[in-house]
>>> print(open('start-v6.cif').read())   # mmCIF, C-alpha atoms
data_final
#
loop_
_atom_site.group_PDB
_atom_site.id
_atom_site.type_symbol
_atom_site.label_atom_id
_atom_site.label_comp_id
_atom_site.auth_asym_id
_atom_site.auth_seq_id
_atom_site.Cartn_x
_atom_site.Cartn_y
_atom_site.Cartn_z
ATOM 1 C CA MET A 37 0.000 0.000 0.000
ATOM 2 C CA THR A 38 1.327 3.445 -0.935
ATOM 3 C CA ILE A 39 0.977 6.150 1.693
ATOM 4 C CA GLU A 40 0.515 9.559 0.150
ATOM 5 C CA ALA A 41 2.092 12.600 1.717
ATOM 6 C CA ALA A 42 -0.283 14.795 3.675
ATOM 7 C CA PRO A 43 -0.981 18.211 2.137
ATOM 8 C CA PRO A 44 0.972 21.072 3.735
ATOM 9 C CA LEU A 45 -0.704 22.783 6.663
ATOM 10 C CA ALA A 46 -1.708 26.418 6.379
ATOM 11 C CA THR A 47 1.011 27.248 8.915
ATOM 12 C CA ASP A 48 3.598 25.545 6.653
ATOM 13 C CA VAL A 49 2.462 27.610 3.669
ATOM 14 C CA ALA A 50 2.604 30.829 5.704
ATOM 15 C CA ALA A 51 6.107 29.974 6.965
ATOM 16 C CA LEU A 52 7.251 29.295 3.405
ATOM 17 C CA ARG A 53 5.936 32.660 2.229
ATOM 18 C CA ASP A 54 7.697 34.354 5.147
ATOM 19 C CA LEU A 55 10.972 32.743 4.050
ATOM 20 C CA GLU A 56 10.332 33.844 0.471
ATOM 21 C CA SER A 57 9.658 37.427 1.573
ATOM 22 C CA GLU A 58 12.846 37.500 3.628
ATOM 23 C CA ALA A 59 14.923 36.195 0.691
ATOM 24 C CA ILE A 60 13.393 38.696 -1.723
ATOM 25 C CA GLU A 61 14.134 41.538 0.704
ATOM 26 C CA ILE A 62 17.771 40.393 0.951
ATOM 27 C CA ILE A 63 18.186 40.199 -2.835
ATOM 28 C CA ARG A 64 16.674 43.643 -3.332
ATOM 29 C CA GLU A 65 19.023 45.003 -0.650
ATOM 30 C CA VAL A 66 22.019 43.573 -2.530
ATOM 31 C CA VAL A 67 20.947 45.144 -5.830
ATOM 32 C CA ALA A 68 20.396 48.504 -4.107
ATOM 33 C CA GLU A 69 23.594 48.499 -2.049
ATOM 34 C CA PHE A 70 26.261 46.957 -4.305
ATOM 35 C CA ASP A 71 27.692 48.017 -7.668
ATOM 36 C CA ARG A 72 28.760 44.682 -9.198
ATOM 37 C CA PRO A 73 26.801 41.796 -7.650
ATOM 38 C CA ALA A 74 27.140 38.225 -8.879
ATOM 39 C CA MET A 75 25.422 34.960 -8.023
ATOM 40 C CA LEU A 76 26.962 31.510 -7.756
ATOM 41 C CA PHE A 77 25.023 29.202 -10.052
ATOM 42 C CA SER A 78 26.024 25.541 -10.265
ATOM 43 C CA GLY A 79 22.728 24.190 -11.573
ATOM 44 C CA GLY A 80 21.971 22.632 -8.184
ATOM 45 C CA LYS A 81 18.650 22.969 -6.381
ATOM 46 C CA ASP A 82 19.729 25.732 -3.995
ATOM 47 C CA SER A 83 21.208 27.919 -6.732
ATOM 48 C CA ALA A 84 18.102 27.272 -8.844
ATOM 49 C CA ILE A 85 15.983 28.523 -5.940
ATOM 50 C CA VAL A 86 18.092 31.686 -5.485
ATOM 51 C CA LEU A 87 17.894 32.458 -9.212
ATOM 52 C CA HIS A 88 14.117 31.939 -9.130
ATOM 53 C CA LEU A 89 13.831 34.256 -6.118
ATOM 54 C CA ALA A 90 16.036 36.903 -7.739
ATOM 55 C CA ARG A 91 13.976 36.966 -10.921
ATOM 56 C CA LYS A 92 10.814 37.191 -8.825
ATOM 57 C CA ALA A 93 12.273 39.953 -6.649
ATOM 58 C CA LEU A 94 13.181 42.182 -9.583
ATOM 59 C CA TRP A 95 10.463 41.327 -12.110
ATOM 60 C CA PRO A 96 9.799 42.761 -14.691
ATOM 61 C CA ALA A 97 13.283 44.315 -14.842
ATOM 62 C CA PRO A 98 16.090 42.233 -16.355
ATOM 63 C CA LEU A 99 18.319 40.590 -13.782
ATOM 64 C CA PRO A 100 21.258 42.964 -13.077
ATOM 65 C CA ILE A 101 23.311 40.142 -11.570
ATOM 66 C CA THR A 102 26.011 38.084 -13.299
ATOM 67 C CA LEU A 103 25.903 34.324 -12.736
ATOM 68 C CA LEU A 104 29.182 32.640 -11.808
ATOM 69 C CA HIS A 105 29.979 28.936 -11.899
ATOM 70 C CA VAL A 106 33.291 27.479 -10.757
ATOM 71 C CA ASP A 107 33.324 24.354 -12.926
ATOM 72 C CA THR A 108 35.585 21.563 -11.688
ATOM 73 C CA GLY A 109 35.240 19.656 -14.960
ATOM 74 C CA HIS A 110 33.945 16.754 -12.880
ATOM 75 C CA ASN A 111 30.272 17.668 -12.935
ATOM 76 C CA LEU A 112 27.626 15.243 -14.099
ATOM 77 C CA PRO A 113 26.578 16.100 -17.667
ATOM 78 C CA GLU A 114 22.897 16.397 -16.742
ATOM 79 C CA VAL A 115 23.754 19.300 -14.435
ATOM 80 C CA ILE A 116 25.823 21.202 -17.008
ATOM 81 C CA GLU A 117 23.088 20.755 -19.615
ATOM 82 C CA PHE A 118 20.533 22.106 -17.143
ATOM 83 C CA ARG A 119 22.779 25.049 -16.216
ATOM 84 C CA ASP A 120 23.224 26.116 -19.827
ATOM 85 C CA ARG A 121 19.539 25.700 -20.641
ATOM 86 C CA VAL A 122 18.397 27.801 -17.674
ATOM 87 C CA VAL A 123 20.921 30.545 -18.460
ATOM 88 C CA ALA A 124 19.765 30.674 -22.085
ATOM 89 C CA GLU A 125 16.078 30.764 -21.142
ATOM 90 C CA ALA A 126 16.629 33.464 -18.497
ATOM 91 C CA GLY A 127 18.759 35.590 -20.830
ATOM 92 C CA VAL A 128 21.378 36.273 -18.157
ATOM 93 C CA ASN A 129 25.150 36.538 -18.327
ATOM 94 C CA LEU A 130 27.141 33.507 -17.123
ATOM 95 C CA VAL A 131 30.839 33.554 -16.257
ATOM 96 C CA VAL A 132 32.417 30.087 -16.004
ATOM 97 C CA ALA A 133 35.705 29.690 -14.127
ATOM 98 C CA ARG A 134 37.046 26.316 -15.279
ATOM 99 C CA VAL A 135 39.366 24.610 -12.807
ATOM 100 C CA GLU A 136 40.998 22.775 -15.725
ATOM 101 C CA GLU A 137 42.328 26.095 -17.067
ATOM 102 C CA TRP A 138 44.073 26.801 -13.748
ATOM 103 C CA ILE A 139 45.542 23.276 -13.811
ATOM 104 C CA ALA A 140 46.648 23.614 -17.438
ATOM 105 C CA ASP A 141 48.650 26.803 -16.850
ATOM 106 C CA GLY A 142 50.177 25.666 -13.564
ATOM 107 C CA ARG A 143 48.251 27.853 -11.137
ATOM 108 C CA LEU A 144 46.825 24.665 -9.598
ATOM 109 C CA GLN A 145 47.901 21.034 -9.420
ATOM 110 C CA GLU A 146 45.732 17.938 -9.444
ATOM 111 C CA ARG A 147 45.339 16.340 -6.033
ATOM 112 C CA PRO A 148 46.531 12.758 -5.464
ATOM 113 C CA ASP A 149 42.992 11.711 -4.471
ATOM 114 C CA GLY A 150 41.568 13.047 -7.765
ATOM 115 C CA THR A 151 38.967 15.319 -6.199
ATOM 116 C CA ARG A 152 38.792 18.884 -7.466
ATOM 117 C CA ASN A 153 36.306 20.271 -4.973
ATOM 118 C CA PRO A 154 39.017 21.888 -2.787
ATOM 119 C CA LEU A 155 40.568 23.366 -5.949
ATOM 120 C CA GLN A 156 37.598 25.681 -6.512
ATOM 121 C CA THR A 157 38.786 28.369 -4.092
ATOM 122 C CA VAL A 158 41.601 29.865 -6.203
ATOM 123 C CA PRO A 159 39.529 30.143 -9.420
ATOM 124 C CA LEU A 160 36.673 31.639 -7.390
ATOM 125 C CA LEU A 161 38.829 34.322 -5.801
ATOM 126 C CA ASP A 162 40.690 35.062 -9.054
ATOM 127 C CA THR A 163 37.392 35.518 -10.913
ATOM 128 C CA ILE A 164 35.946 37.754 -8.200
ATOM 129 C CA ALA A 165 39.049 39.948 -8.468
ATOM 130 C CA GLU A 166 39.061 39.937 -12.284
ATOM 131 C CA HIS A 167 35.428 41.050 -12.561
ATOM 132 C CA ARG A 168 35.566 43.231 -9.432
ATOM 133 C CA PHE A 169 32.464 41.624 -7.948
ATOM 134 C CA ASP A 170 31.643 43.321 -4.645
ATOM 135 C CA ALA A 171 28.840 40.971 -3.586
ATOM 136 C CA LEU A 172 28.366 37.288 -4.258
ATOM 137 C CA LEU A 173 24.964 35.702 -3.672
ATOM 138 C CA GLY A 174 24.803 31.991 -2.963
ATOM 139 C CA GLY A 175 22.496 29.216 -1.875
ATOM 140 C CA ALA A 176 24.302 28.104 1.290
ATOM 141 C CA ARG A 177 22.004 27.255 4.205
ATOM 142 C CA ARG A 178 22.666 27.104 7.930
ATOM 143 C CA ASP A 179 21.273 23.582 8.285
ATOM 144 C CA GLU A 180 23.904 22.104 5.943
ATOM 145 C CA ASP A 181 26.972 22.361 8.179
ATOM 146 C CA ARG A 182 27.943 23.736 11.582
ATOM 147 C CA ALA A 183 30.393 26.194 9.958
ATOM 148 C CA ARG A 184 27.621 27.600 7.783
ATOM 149 C CA ALA A 185 25.433 27.859 10.862
ATOM 150 C CA LYS A 186 27.951 30.359 12.280
ATOM 151 C CA GLU A 187 27.707 32.717 9.342
ATOM 152 C CA ARG A 188 25.544 35.814 9.019
ATOM 153 C CA ILE A 189 23.405 36.504 5.956
ATOM 154 C CA PHE A 190 25.802 39.300 4.929
ATOM 155 C CA SER A 191 29.298 37.847 5.437
ATOM 156 C CA ILE A 192 32.290 40.111 4.911
ATOM 157 C CA ARG A 193 35.368 38.577 3.262
ATOM 158 C CA ASP A 194 38.833 40.126 3.447
ATOM 159 C CA ALA A 195 41.059 41.095 0.523
ATOM 160 C CA PHE A 196 42.244 37.467 0.307
ATOM 161 C CA GLY A 197 38.695 36.094 0.310
ATOM 162 C CA GLY A 198 39.071 34.733 3.817
ATOM 163 C CA TRP A 199 36.282 34.424 6.366
ATOM 164 C CA ASP A 200 36.850 35.354 10.001
ATOM 165 C CA PRO A 201 34.010 34.411 12.396
ATOM 166 C CA ARG A 202 35.141 37.230 14.727
ATOM 167 C CA ARG A 203 34.247 39.819 12.081
ATOM 168 C CA GLN A 204 30.623 38.740 11.859
ATOM 169 C CA ARG A 205 28.268 41.706 12.168
ATOM 170 C CA PRO A 206 24.989 41.785 14.113
ATOM 171 C CA GLU A 207 21.843 41.693 11.966
ATOM 172 C CA LEU A 208 19.193 42.842 14.392
ATOM 173 C CA TRP A 209 15.752 43.625 12.960
ATOM 174 C CA HIS A 210 16.896 42.391 9.518
ATOM 175 C CA ILE A 211 19.275 45.324 9.102
ATOM 176 C CA TYR A 212 22.165 44.212 6.865
ATOM 177 C CA ASN A 213 25.554 45.913 6.697
ATOM 178 C CA GLY A 214 27.386 45.478 3.397
ATOM 179 C CA ARG A 215 30.090 48.096 3.966
ATOM 180 C CA HIS A 216 33.533 46.834 3.029
ATOM 181 C CA ALA A 217 37.019 48.167 2.381
ATOM 182 C CA PRO A 218 38.570 48.270 -1.117
ATOM 183 C CA GLY A 219 39.501 44.749 -2.186
ATOM 184 C CA GLU A 220 37.032 43.123 0.203
ATOM 185 C CA HIS A 221 33.669 41.717 -0.831
ATOM 186 C CA THR A 222 30.516 40.398 0.802
ATOM 187 C CA ARG A 223 29.029 36.929 0.525
ATOM 188 C CA VAL A 224 25.237 36.977 0.814
ATOM 189 C CA PHE A 225 22.978 34.011 1.657
ATOM 190 C CA PRO A 226 19.286 34.748 0.934
ATOM 191 C CA ILE A 227 18.116 31.248 1.897
ATOM 192 C CA SER A 228 20.357 30.880 4.922
ATOM 193 C CA ASN A 229 17.365 30.294 7.217
ATOM 194 C CA TRP A 230 15.787 27.637 4.982
ATOM 195 C CA THR A 231 16.006 23.893 5.555
ATOM 196 C CA GLU A 232 16.285 21.192 2.922
ATOM 197 C CA LEU A 233 12.596 20.469 3.473
ATOM 198 C CA ASP A 234 11.734 24.153 2.957
ATOM 199 C CA VAL A 235 13.640 24.100 -0.325
ATOM 200 C CA TRP A 236 11.724 21.107 -1.629
ATOM 201 C CA ARG A 237 8.365 22.471 -0.499
ATOM 202 C CA TYR A 238 9.155 25.724 -2.310
ATOM 203 C CA ILE A 239 10.192 23.805 -5.426
ATOM 204 C CA GLU A 240 6.802 22.095 -5.315
ATOM 205 C CA ALA A 241 4.867 25.319 -4.657
ATOM 206 C CA GLU A 242 6.639 27.326 -7.379
ATOM 207 C CA ASP A 243 7.261 24.487 -9.857
ATOM 208 C CA VAL A 244 10.979 25.315 -10.008
ATOM 209 C CA PRO A 245 12.769 23.188 -12.651
ATOM 210 C CA LEU A 246 15.708 21.014 -11.555
ATOM 211 C CA PRO A 247 18.269 18.682 -13.139
ATOM 212 C CA SER A 248 16.942 15.166 -13.624
ATOM 213 C CA ILE A 249 19.510 13.636 -11.241
ATOM 214 C CA TYR A 250 17.552 14.918 -8.236
ATOM 215 C CA PHE A 251 14.948 12.248 -8.992
ATOM 216 C CA ALA A 252 15.205 8.465 -9.019
ATOM 217 C CA HIS A 253 16.946 6.981 -12.047
ATOM 218 C CA GLU A 254 19.089 3.946 -12.746
ATOM 219 C CA ARG A 255 22.833 4.563 -12.718
ATOM 220 C CA PRO A 256 25.977 2.429 -12.358
ATOM 221 C CA VAL A 257 27.436 3.082 -8.902
ATOM 222 C CA PHE A 258 30.003 1.628 -6.523
ATOM 223 C CA GLU A 259 30.219 1.910 -2.765
ATOM 224 C CA ARG A 260 33.084 3.755 -1.054
ATOM 225 C CA ASP A 261 33.164 4.899 2.559
ATOM 226 C CA GLY A 262 29.428 4.379 2.881
ATOM 227 C CA MET A 263 28.575 6.458 -0.210
ATOM 228 C CA LEU A 264 27.398 5.491 -3.681
ATOM 229 C CA LEU A 265 29.692 7.079 -6.279
ATOM 230 C CA THR A 266 29.365 6.872 -10.040
ATOM 231 C CA PRO A 267 32.327 6.409 -12.406
ATOM 232 C CA GLY A 268 33.408 9.296 -14.623
ATOM 233 C CA PRO A 269 36.453 11.316 -15.708
ATOM 234 C CA TRP A 270 37.383 11.490 -12.015
ATOM 235 C CA GLY A 271 37.837 7.722 -11.876
ATOM 236 C CA GLY A 272 35.872 4.598 -11.089
ATOM 237 C CA PRO A 273 35.789 1.648 -8.744
ATOM 238 C CA ARG A 274 39.021 0.419 -7.211
ATOM 239 C CA ALA A 275 40.099 -3.203 -7.134
ATOM 240 C CA ALA A 276 37.916 -4.184 -4.178
ATOM 241 C CA GLU A 277 34.883 -2.136 -5.278
ATOM 242 C CA THR A 278 32.066 -3.568 -7.373
ATOM 243 C CA LEU A 279 30.089 -1.654 -9.975
ATOM 244 C CA SER A 280 26.332 -2.275 -10.013
ATOM 245 C CA THR A 281 23.271 -0.562 -11.453
ATOM 246 C CA ARG A 282 20.855 0.776 -8.839
ATOM 247 C CA SER A 283 17.931 3.151 -8.586
ATOM 248 C CA VAL A 284 19.409 6.298 -7.055
ATOM 249 C CA ARG A 285 19.010 10.042 -6.866
ATOM 250 C CA TYR A 286 21.246 12.905 -5.761
ATOM 251 C CA ARG A 287 20.438 15.133 -2.805
ATOM 252 C CA THR A 288 23.144 17.634 -3.770
ATOM 253 C CA VAL A 289 25.328 18.194 -6.837
ATOM 254 C CA GLY A 290 29.034 18.875 -7.055
ATOM 255 C CA ASP A 291 32.339 17.314 -7.984
ATOM 256 C CA GLY A 292 31.618 13.730 -9.038
ATOM 257 C CA SER A 293 34.645 12.384 -7.199
ATOM 258 C CA CYS A 294 33.208 13.259 -3.780
ATOM 259 C CA THR A 295 29.448 13.630 -4.276
ATOM 260 C CA GLY A 296 27.440 10.488 -3.663
ATOM 261 C CA ALA A 297 23.962 9.343 -4.578
ATOM 262 C CA VAL A 298 21.379 7.735 -2.305
ATOM 263 C CA GLU A 299 19.261 4.709 -3.128
ATOM 264 C CA SER A 300 15.768 5.957 -3.860
ATOM 265 C CA GLU A 301 12.548 5.329 -5.745
ATOM 266 C CA ALA A 302 11.415 8.960 -5.396
ATOM 267 C CA SER A 303 10.630 10.114 -8.920
ATOM 268 C CA THR A 304 8.436 13.136 -8.094
ATOM 269 C CA VAL A 305 8.828 16.205 -5.909
ATOM 270 C CA ALA A 306 6.121 14.911 -3.546
ATOM 271 C CA GLN A 307 7.987 11.623 -3.095
ATOM 272 C CA VAL A 308 11.263 13.439 -2.471
ATOM 273 C CA ILE A 309 9.527 15.530 0.206
ATOM 274 C CA GLU A 310 8.435 12.303 1.900
ATOM 275 C CA GLU A 311 12.041 11.080 1.936
ATOM 276 C CA VAL A 312 13.468 14.350 3.219
ATOM 277 C CA THR A 313 10.825 14.546 5.954
ATOM 278 C CA VAL A 314 12.102 11.363 7.602
ATOM 279 C CA SER A 315 15.814 11.908 6.939
ATOM 280 C CA ARG A 316 18.072 12.496 9.944
ATOM 281 C CA LEU A 317 21.147 13.558 7.940
ATOM 282 C CA THR A 318 21.655 16.752 5.968
ATOM 283 C CA GLU A 319 22.346 16.276 2.290
ATOM 284 C CA ARG A 320 25.992 17.296 2.682
ATOM 285 C CA GLY A 321 26.500 15.055 5.687
ATOM 286 C CA ALA A 322 25.035 12.104 3.835
ATOM 287 C CA THR A 323 26.577 12.528 0.390
ATOM 288 C CA ARG A 324 29.657 14.802 0.426
ATOM 289 C CA ALA A 325 32.952 13.040 1.148
ATOM 290 C CA ASP A 326 34.899 16.303 1.384
ATOM 291 C CA ASP A 327 32.824 17.327 4.420
ATOM 292 C CA ARG A 328 33.775 14.101 6.223
ATOM 293 C CA LEU A 329 37.506 14.805 6.283
ATOM 294 C CA SER A 330 37.222 16.402 9.734
ATOM 295 C CA GLU A 331 34.642 18.095 11.922
ATOM 296 C CA ALA A 332 36.086 21.455 10.843
ATOM 297 C CA ALA A 333 36.526 20.638 7.139
ATOM 298 C CA MET A 334 33.992 23.205 5.921
ATOM 299 C CA GLU A 335 35.204 25.918 8.295
ATOM 300 C CA ASP A 336 38.819 25.408 7.234
ATOM 301 C CA ARG A 337 37.877 25.830 3.563
ATOM 302 C CA LYS A 338 35.728 28.895 4.298
ATOM 303 C CA ARG A 339 38.649 30.584 6.047
ATOM 304 C CA GLU A 340 40.638 30.103 2.825
ATOM 305 C CA GLY A 341 37.898 31.687 0.695
ATOM 306 C CA TYR A 342 35.606 28.765 -0.163
ATOM 307 C CA PHE A 343 31.928 29.599 -0.386
#
>>> encode(input="start-v6.cif", output="structure tokens")
Amino acid sequence: MTIEAAPPLATDVAALRDLESEAIEIIREVVAEFDRPAMLFSGGKDSAIVLHLARKALWPAPLPITLLHVDTGHNLPEVIEFRDRVVAEAGVNLVVARVEEWIADGRLQERPDGTRNPLQTVPLLDTIAEHRFDALLGGARRDEDRARAKERIFSIRDAFGGWDPRRQRPELWHIYNGRHAPGEHTRVFPISNWTELDVWRYIEAEDVPLPSIYFAHERPVFERDGMLLTPGPWGGPRAAETLSTRSVRYRTVGDGSCTGAVESEASTVAQVIEEVTVSRLTERGATRADDRLSEAAMEDRKREGYF
């Protein structure tokens, strides 16, 4: 017997609209306060939500925000196809910082473990400096990681892109301070107060399009460190690892070498909401190997300039 998800309560709908209003206010504040804002857009669900909110916040004006993607070259093709299609349909400008270009000219070196996720920081900071972006919107949320839970909605970064928790500014009564010195910039998180469940409920309410990998599909995978990875240009199963085809979906997208899938039969947004409702692990905690390196892995990368 299939148990259908209960319809959202009126209080849930009201809470979702409150979150939407807060995010729209934050985006409008960025456009009013900064000269050269940009938005990180990977094609993942959180960046898709922020783009949707930005277009809604500024409609009918064209979006005065450049999209930025730091492409590791290890993304799943479905995500890159979705990214390019959304950018074309929205008629916005996309800047792509390709990690492979930094590797090719010697500014970066491949890691022994093959993952390129930690290599995104240098291309990100170089591109911010090249285009003189003074604000960078992103889809990070406080529920993803304890380091992100420490961060304010407006997060000042120094001239080297570094984050210092001691420089966090109070945001009483939703008053945001974007003042920064020359060379510094501000990271802004409009959906910081959202949860993964909020994101999916908003996707359902607003019919926000997503890459197909967020829904159940059959894919060859192998198990490593409790995660289901798929083979690709980043490598495949090792000698003791077995490749098998399973029904899986992705809860988050990123570098294929460290982003795992979860076994799932959820092929619709409603079914995904059912899964997320009973989950006791955040999507990063469940499917991102780079966040398992240490308890402070995310905070260490953020101090270096990672988003």
>>> closest_residue(input="start-v6.cif", among="A:Pro218, A:Pro98, A:Gly197, A:Pro256", to="A:Gly272", atoms="all atoms listed in the file")
A:Pro256
>>> closest_residue(input="start-v6.cif", among="A:Trp209, A:Val235, A:Ala140, A:Gln204", to="A:Leu89", atoms="only C-alpha atoms")
A:Val235
>>> closest_residue(input="start-v6.cif", among="A:Arg215, A:Leu160, A:Asn129, A:Arg91", to="A:Asp71", atoms="only C-alpha atoms")
A:Arg215
>>> resolve_selection(input="start-v6.cif", expression="the PyMOL selection byres ((chain A and resi 289) around 9)", output="mmCIF file with C-alpha atoms, in the frame of the given file")
data_model
loop_
_atom_site.group_PDB
_atom_site.id
_atom_site.type_symbol
_atom_site.label_atom_id
_atom_site.label_comp_id
_atom_site.auth_asym_id
_atom_site.auth_seq_id
_atom_site.Cartn_x
_atom_site.Cartn_y
_atom_site.Cartn_z
ATOM 1 C CA SER A 78 26.024 25.541 -10.265
ATOM 2 C CA GLY A 79 22.728 24.190 -11.573
ATOM 3 C CA GLY A 80 21.971 22.632 -8.184
ATOM 4 C CA LYS A 81 18.650 22.969 -6.381
ATOM 5 C CA ASN A 111 30.272 17.668 -12.935
ATOM 6 C CA LEU A 112 27.626 15.243 -14.099
ATOM 7 C CA VAL A 115 23.754 19.300 -14.435
ATOM 8 C CA ILE A 249 19.510 13.636 -11.241
ATOM 9 C CA TYR A 250 17.552 14.918 -8.236
ATOM 10 C CA TYR A 286 21.246 12.905 -5.761
ATOM 11 C CA ARG A 287 20.438 15.133 -2.805
ATOM 12 C CA THR A 288 23.144 17.634 -3.770
ATOM 13 C CA GLY A 290 29.034 18.875 -7.055
ATOM 14 C CA ASP A 291 32.339 17.314 -7.984
ATOM 15 C CA GLY A 292 31.618 13.730 -9.038
ATOM 16 C CA THR A 295 29.448 13.630 -4.276
ATOM 17 C CA GLY A 296 27.440 10.488 -3.663
#
>>> residues_around(input="start-v6.cif", residues="A:Phe225", least_positions_apart="2", cutoff="7 Å", atoms="all atoms listed in the file", output="list in words")
Leu173, Gly174, Gly175, Ala176, Ile189, Phe190, Arg223, Ile227 and Ser228 of chain A
>>> residues_near_point(input="start-v6.cif", point="(21.4, 41.1, 10.8)", cutoff="12 Å", atoms="all atoms listed in the file", output="JSON, numbers by chain")
{"A": [58, 62, 187, 188, 189, 190, 191, 204, 205, 206, 207, 208, 209, 210, 211, 212, 213, 214, 224, 225, 226, 228]}
>>> closest_residue(input="start-v6.cif", among="A:Val257, A:Leu246, A:Ser283, A:Ala51", to="A:Ile85", atoms="all atoms listed in the file")
A:Leu246
>>> residues_around(input="start-v6.cif", residues="A:Leu233", least_positions_apart="3", cutoff="9 Å", atoms="only C-alpha atoms", output="list in words")
Trp230, Trp236, Arg237, Tyr238, Ile309, Val312 and Thr313 of chain A
>>> residues_around(input="start-v6.cif", residues="A:Gly271", least_positions_apart="3", cutoff="9 Å", atoms="only C-alpha atoms", output="list in words")
Gly150, Thr266, Pro267, Gly268, Arg274 and Ser293 of chain A
>>> atom_distance(input="start-v6.cif", atom1="atom CA of A:Val298", atom2="atom CA of A:Glu311")
10.8 Å
>>> atom_distance(input="start-v6.cif", atom1="atom CA of A:Thr222", atom2="atom CA of A:Val66")
9.7 Å
>>> decode(input="start-v6.cif", residues="stretch 192-204 of chain A", atoms="N, CA and C atoms", output="JSON list (two decimals), in the first residue's frame")
[["chain", "number", "residue", "atom", "x", "y", "z"],
["A", 192, "ILE", "N", 31.17, 39.38, 5.49],
["A", 192, "ILE", "CA", 32.29, 40.11, 4.91],
["A", 192, "ILE", "C", 33.48, 39.17, 4.69],
["A", 193, "ARG", "N", 34.15, 39.33, 3.56],
["A", 193, "ARG", "CA", 35.37, 38.58, 3.26],
["A", 193, "ARG", "C", 36.51, 39.56, 3.04],
["A", 194, "ASP", "N", 37.71, 39.20, 3.54],
["A", 194, "ASP", "CA", 38.83, 40.13, 3.45],
["A", 194, "ASP", "C", 39.40, 40.16, 2.03],
["A", 195, "ALA", "N", 40.48, 40.91, 1.85],
["A", 195, "ALA", "CA", 41.06, 41.09, 0.52],
["A", 195, "ALA", "C", 41.59, 39.79, -0.06],
["A", 196, "PHE", "N", 41.79, 38.78, 0.78],
["A", 196, "PHE", "CA", 42.24, 37.47, 0.31],
["A", 196, "PHE", "C", 41.09, 36.47, 0.21],
["A", 197, "GLY", "N", 39.87, 36.96, 0.39],
["A", 197, "GLY", "CA", 38.69, 36.09, 0.31],
["A", 197, "GLY", "C", 38.41, 35.31, 1.57],
["A", 198, "GLY", "N", 39.20, 35.53, 2.60],
["A", 198, "GLY", "CA", 39.07, 34.73, 3.82],
["A", 198, "GLY", "C", 37.91, 35.15, 4.69],
["A", 199, "TRP", "N", 37.41, 34.20, 5.45],
["A", 199, "TRP", "CA", 36.28, 34.42, 6.37],
["A", 199, "TRP", "C", 36.79, 34.33, 7.80],
["A", 200, "ASP", "N", 36.47, 35.33, 8.59],
["A", 200, "ASP", "CA", 36.85, 35.35, 10.00],
["A", 200, "ASP", "C", 35.58, 35.44, 10.83],
["A", 201, "PRO", "N", 35.24, 34.38, 11.60],
["A", 201, "PRO", "CA", 34.01, 34.41, 12.40],
["A", 201, "PRO", "C", 33.95, 35.60, 13.35],
["A", 202, "ARG", "N", 35.11, 36.12, 13.77],
["A", 202, "ARG", "CA", 35.14, 37.23, 14.73],
["A", 202, "ARG", "C", 34.70, 38.54, 14.09],
["A", 203, "ARG", "N", 34.66, 38.59, 12.76],
["A", 203, "ARG", "CA", 34.25, 39.82, 12.08],
["A", 203, "ARG", "C", 32.77, 39.79, 11.70],
["A", 204, "GLN", "N", 32.04, 38.81, 12.17],
["A", 204, "GLN", "CA", 30.62, 38.74, 11.86],
["A", 204, "GLN", "C", 29.89, 39.93, 12.48]]
